[in-house]
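Notes follow once the structure below has been shown.
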Amino acid sequence: MIDLERLRSDFPILSREVNGHRLVYLDSAATTQKPTAVLDSMDAYYRESNANVHRGAHTLSAEATELYEGARTKVAHFIGAKPAQTVFTRGTTTAINHIAYGWGLNHLNEGDKIVLTIAEHHANIVPWQIISRHTGAELVYLELTDDYRVDLNGIDRILDDRVKIVTFSGMSNVTGAIGPINLLSEAARSVGALTVLDGAQLVPHHPVDVAEFDVDFMAFSAHKMLGPTGIGALWGTRERLEEMEPTEGGGEMINTVDRHVSTWAPVPHKFEAGTPPIAEAVGFGAAVDYLSAVGMDVIAQHERDLTRYALDRLAEVPDLKVYGPDDVLLRGGAVSFELADIHPHDIATILDQEGIAIRAGHHCARPLMQYLDVPATARASFYLYNIPEEIDKLVSALMNARRIFGL
């Protein structure tokens, strides 16, 4: 059970006012707020240990290196992984690009297939489109069932020996639907295909152990899980990481360099060219510490309770349609909806006047919007610091939006 009053006091931004109202932050699927522990850890690094890592023989460099590699260990253990298989990246987008360019560009050929789902974020579509143009590999999409989950009917027909990569999200940032991770992984394994898991929405909200998923790669971002922007992680099996080529060259990622040939540092440093985001890594580690102290099982249950409450309350709003599963065991706390014929941007603007922050737009998922036959949706998304009273304010503001538009 979360002590919400105490926990919310850890987040300074939640006490501010927006347009004369206490902030109601319902946009955590886009980025999460940061607890004081994360802010303080980054400040302490800059004030006390600021230096470059792995390179200096002096005390500050040794301290910075210990903090940086210590953060890697924390992040790795958070997902049940080994530090040597956990690469720091700029975020989920960069991690998937590493896979696409570092593995896909060097292993895919004309006639091969890359299988995705129609619910993917652009970060898990656009890199594969580019690689497809370079290699001649074909993109094939799995569609959705009536309850917005990945449709596995006919997957045996789609997954043949031409399939080399199956890439999918662990949880949709639009519908909140949790992906059939193990079923897709098993199906991919049966035809010898690699699996790529976009964990940007899954890792912050559910207990994760990569060994239980049997995937080849997983990507996720710190800023979706209380950490800073500009950093995330790529986990991969040792075999696949060794097969990959680095996608950036420069300092730190090399073993030897002569005039014409270079050799690479061991994984994970092979993929971390240049000065890394050291303070951000420290903040990432502090965020993982915070989440672990609360307990991921506790956080997941809190969000299920909030989501159930939100779905029930939103059902009271006339002319409102939710896009996503109704069963909270099959979904997370990203709730996308439309309200009559009011444009989502107008809804977001009206809610903002009451201090309520939601997302409106295509959510970096245009193919999914086209599939749903909507130009955009409004989206409220929840995290461990949200409370039922904020959902009540959301519903009240939506009722007000109906009145403004004469409904």
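Going through the structure tokens in order, the chains are called A, B, and so on, while each chain numbers its residues from 1 and the ligands are numbered from 1 in the order shown.
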
Selection near Ala222 of chain A, 7 Å with only C-alpha atoms, sequence-local residues under 6 positions removed, as a short mmCIF file (atom, residue, chain, number, x, y, z; two decimals) with N, CA and C atoms, in the first residue's frame:
```
data_model
loop_
_atom_site.label_atom_id
_atom_site.label_comp_id
_atom_site.auth_asym_id
_atom_site.auth_seq_id
_atom_site.Cartn_x
_atom_site.Cartn_y
_atom_site.Cartn_z
N PRO A 228 15.79 11.26 -15.50
CA PRO A 228 15.98 12.42 -16.37
C PRO A 228 15.79 12.07 -17.84
N THR A 229 15.63 13.11 -18.64
CA THR A 229 15.60 12.93 -20.09
C THR A 229 17.01 12.71 -20.61
N ILE A 231 18.54 9.89 -21.50
CA ILE A 231 19.21 8.63 -21.22
C ILE A 231 18.18 7.50 -21.15
N GLY A 232 18.62 6.34 -21.58
CA GLY A 232 17.81 5.14 -21.51
C GLY A 232 18.75 3.95 -21.58
N PHE A 284 19.29 8.31 -13.30
CA PHE A 284 18.61 7.07 -13.69
C PHE A 284 18.73 6.05 -12.56
#
```

Which neighbours of segment 36-49 of chain A fall inside 6 Å, counting only C-alpha atoms, when residues of the same chain fewer than 2 positions from it are skipped, and could you give them as a list in words?
-> Asp10, Leu60, Ala64, Ala279, Gly283, Ala286 and Ala287 of chain A

Please build the interface table for segment 181-263 of chain A against segment 71-84 of chain A with a cut-off of 10 Å, listing for each qualifying residue the nearest atom pair and the distance in Å to one decimal; count only C-alpha atoms, order rows by chain and increasing number, and write it as CSV.
```
residue,atom,partner,partner_atom,distance
A:Val203,CA,A:Ile79,CA,7.9
A:Pro207,CA,A:Ile79,CA,7.8
A:Val208,CA,A:Ile79,CA,5.2
A:Asp209,CA,A:Gly80,CA,4.7
A:Val210,CA,A:Gly80,CA,6.0
A:Ala211,CA,A:Gly80,CA,7.1
A:Glu212,CA,A:Gly80,CA,9.2
A:Met218,CA,A:Ile79,CA,9.9
A:Ala222,CA,A:Val75,CA,9.5
A:Gly232,CA,A:Val75,CA,9.5
A:Ala233,CA,A:Val75,CA,8.2
A:Leu234,CA,A:Ala76,CA,9.9
A:Trp235,CA,A:Ala81,CA,7.7
A:Gly236,CA,A:Ala81,CA,9.1
A:Thr237,CA,A:Ala81,CA,9.4
A:Arg238,CA,A:Ala84,CA,8.4
```

Check segment 133-355 of chain A with DSSP on the backbone and list each residue it calls strand (DSSP E or B), as JSON, numbers by chain.
-> {"A": [138, 139, 140, 141, 142, 144, 150, 163, 164, 165, 166, 167, 168, 169, 171, 177, 178, 194, 195, 196, 197, 198, 217, 218, 219, 220, 221, 232, 233, 234, 235, 236, 254, 255, 256, 257, 262, 263, 264, 320, 321, 322, 323, 331, 334, 335, 336, 337, 338, 339, 342]}

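Distances to Arg308 of chain A were evaluated for A:Arg331, A:Lys34, A:His54, A:Arg149 using only C-alpha atoms, and the minimum falls at A:Arg331.
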
Contact residues around Pro388 of chain A with only C-alpha atoms at 12 Å, ignoring same-chain residues under 2 positions, as a PyMOL selection string = chain A and resi 4+24+26+302-313+382-386+390-395

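Computed from the coordinates, the atom CA of Asn153 of chain A to atom CA of Arg366 of chain A distance equals 23.4 Å.
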
Identify, with DSSP run on backbone atoms, the residues in segment 15-244 of chain A assigned to alpha helix (DSSP H), and express the list as a PyMOL selection string.
-> chain A and resi 36-44+59-78+92-99+105-107+126-135+155-158+181-190+210-213+238-243

Using only C-alpha atoms, determine which residues lie at most 12 Å from Asp346 of chain A, disregarding the query and same-chain residues fewer than 6 positions distant; provide the list as a list of chain:residue names.
-> A:Glu338, A:Leu339, A:Ala340, A:Asp352, A:Gln353, A:Ile358, A:Arg359, A:Ala360, A:Gly361, A:Ala376, A:Thr377, A:Ala378, A:Leu398, A:Ala401, A:Arg402, A:Ile404, A:Phe405

Would you list the contacts of segment 251-261 of chain A as number ranges by chain, taking every protein, DNA or RNA residue within 12 Å and counting only C-alpha atoms, but skipping same-chain residues closer than 6 positions in sequence?
-> A: 52-55, 87, 245, 267-276

Who sits within 8 Å of Glu110 of chain A, only C-alpha atoms, same chain under 4 positions skipped, as an MDAnalysis selection string = chainID A and resid 135:138

Writing out the chosen residues with N, CA and C atoms as a PDB file, in the first residue's frame:
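The result, written out as again_32.pdb:
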```
ATOM      1  N   THR A 135      17.917  -2.364 -47.316  1.00  0.00           N
ATOM      2  CA  THR A 135      18.206  -3.797 -47.464  1.00  0.00           C
ATOM      3  C   THR A 135      17.250  -4.533 -48.387  1.00  0.00           C
ATOM      4  N   GLY A 136      16.078  -3.950 -48.652  1.00  0.00           N
ATOM      5  CA  GLY A 136      15.066  -4.653 -49.435  1.00  0.00           C
ATOM      6  C   GLY A 136      14.187  -5.565 -48.606  1.00  0.00           C
ATOM      7  N   ALA A 137      14.378  -5.561 -47.282  1.00  0.00           N
ATOM      8  CA  ALA A 137      13.508  -6.370 -46.420  1.00  0.00           C
ATOM      9  C   ALA A 137      12.091  -5.796 -46.428  1.00  0.00           C
ATOM     10  N   GLU A 138      11.116  -6.655 -46.243  1.00  0.00           N
ATOM     11  CA  GLU A 138       9.705  -6.280 -46.304  1.00  0.00           C
ATOM     12  C   GLU A 138       9.154  -6.077 -44.891  1.00  0.00           C
TER      13      GLU A 138
END
```

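Atom CA of Asp27 of chain A to atom CA of Ala219 of chain A spans 20.7 Å [interatomic distance, one decimal].
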
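Minimum atom-to-atom distance to Ala281 of chain A, evaluated using only C-alpha atoms, belongs to A:Gly227 out of A:Phe11, A:Gln370, A:Gly227, A:Asp156.
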
Quick one: which segment 307-396 of chain A residues come within 12 Å of segment 126-130 of chain A, and what is the nearest atom pair for each with the distance in Å to one decimal, counting only C-alpha atoms, rows ordered by chain and ascending number, as JSON lines?
```
{"residue": "A:Cys364", "atom": "CA", "partner": "A:Val126", "partner_atom": "CA", "distance": 10.5}
{"residue": "A:Ala365", "atom": "CA", "partner": "A:Val126", "partner_atom": "CA", "distance": 10.6}
{"residue": "A:Arg366", "atom": "CA", "partner": "A:Val126", "partner_atom": "CA", "distance": 11.1}
{"residue": "A:Pro367", "atom": "CA", "partner": "A:Val126", "partner_atom": "CA", "distance": 11.0}
```

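Atom to atom, atom CA of Asp147 of chain A and atom CA of Gly324 of chain A stand 6.4 Å apart.
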
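Residue nearest Ile299 of chain A, chosen from A:Gly102, A:Val150, A:His205, A:Leu23 and counting only C-alpha atoms: A:His205.
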
Which neighbours of Ile96 of chain A fall inside 7 Å, counting only C-alpha atoms, when residues of the same chain fewer than 4 positions from it are skipped, and could you give them as a PyMOL selection string?
-> chain A and resi 92+100+124+219

File dump, residues just selected, C-alpha atoms, as a PDB file, in the first residue's frame:
```
ATOM      1  CA  THR A  92      14.301   3.997 -26.347  1.00  0.00           C
ATOM      2  CA  ALA A 100      18.219  -1.456 -36.623  1.00  0.00           C
ATOM      3  CA  ASN A 124       9.710   1.203 -33.486  1.00  0.00           C
ATOM      4  CA  ALA A 219      14.829  -0.889 -24.974  1.00  0.00           C
TER       5      ALA A 219
END
```

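Taking only C-alpha atoms into account, Arg189 of chain A lies nearest to A:Phe213 out of the set A:Pro266, A:Pro204, A:Phe213, A:Ile347.
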
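Nearest to Ser132 of chain A of all the residues A:Ile165, A:Leu351, A:Ile178, A:Leu330 is A:Ile165, based on only C-alpha atoms.
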
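For the set A:Ile387, A:Val282, A:Met244, A:Leu194, the residue with the smallest atom-to-atom gap to Glu66 of chain A is A:Val282, counting only C-alpha atoms.
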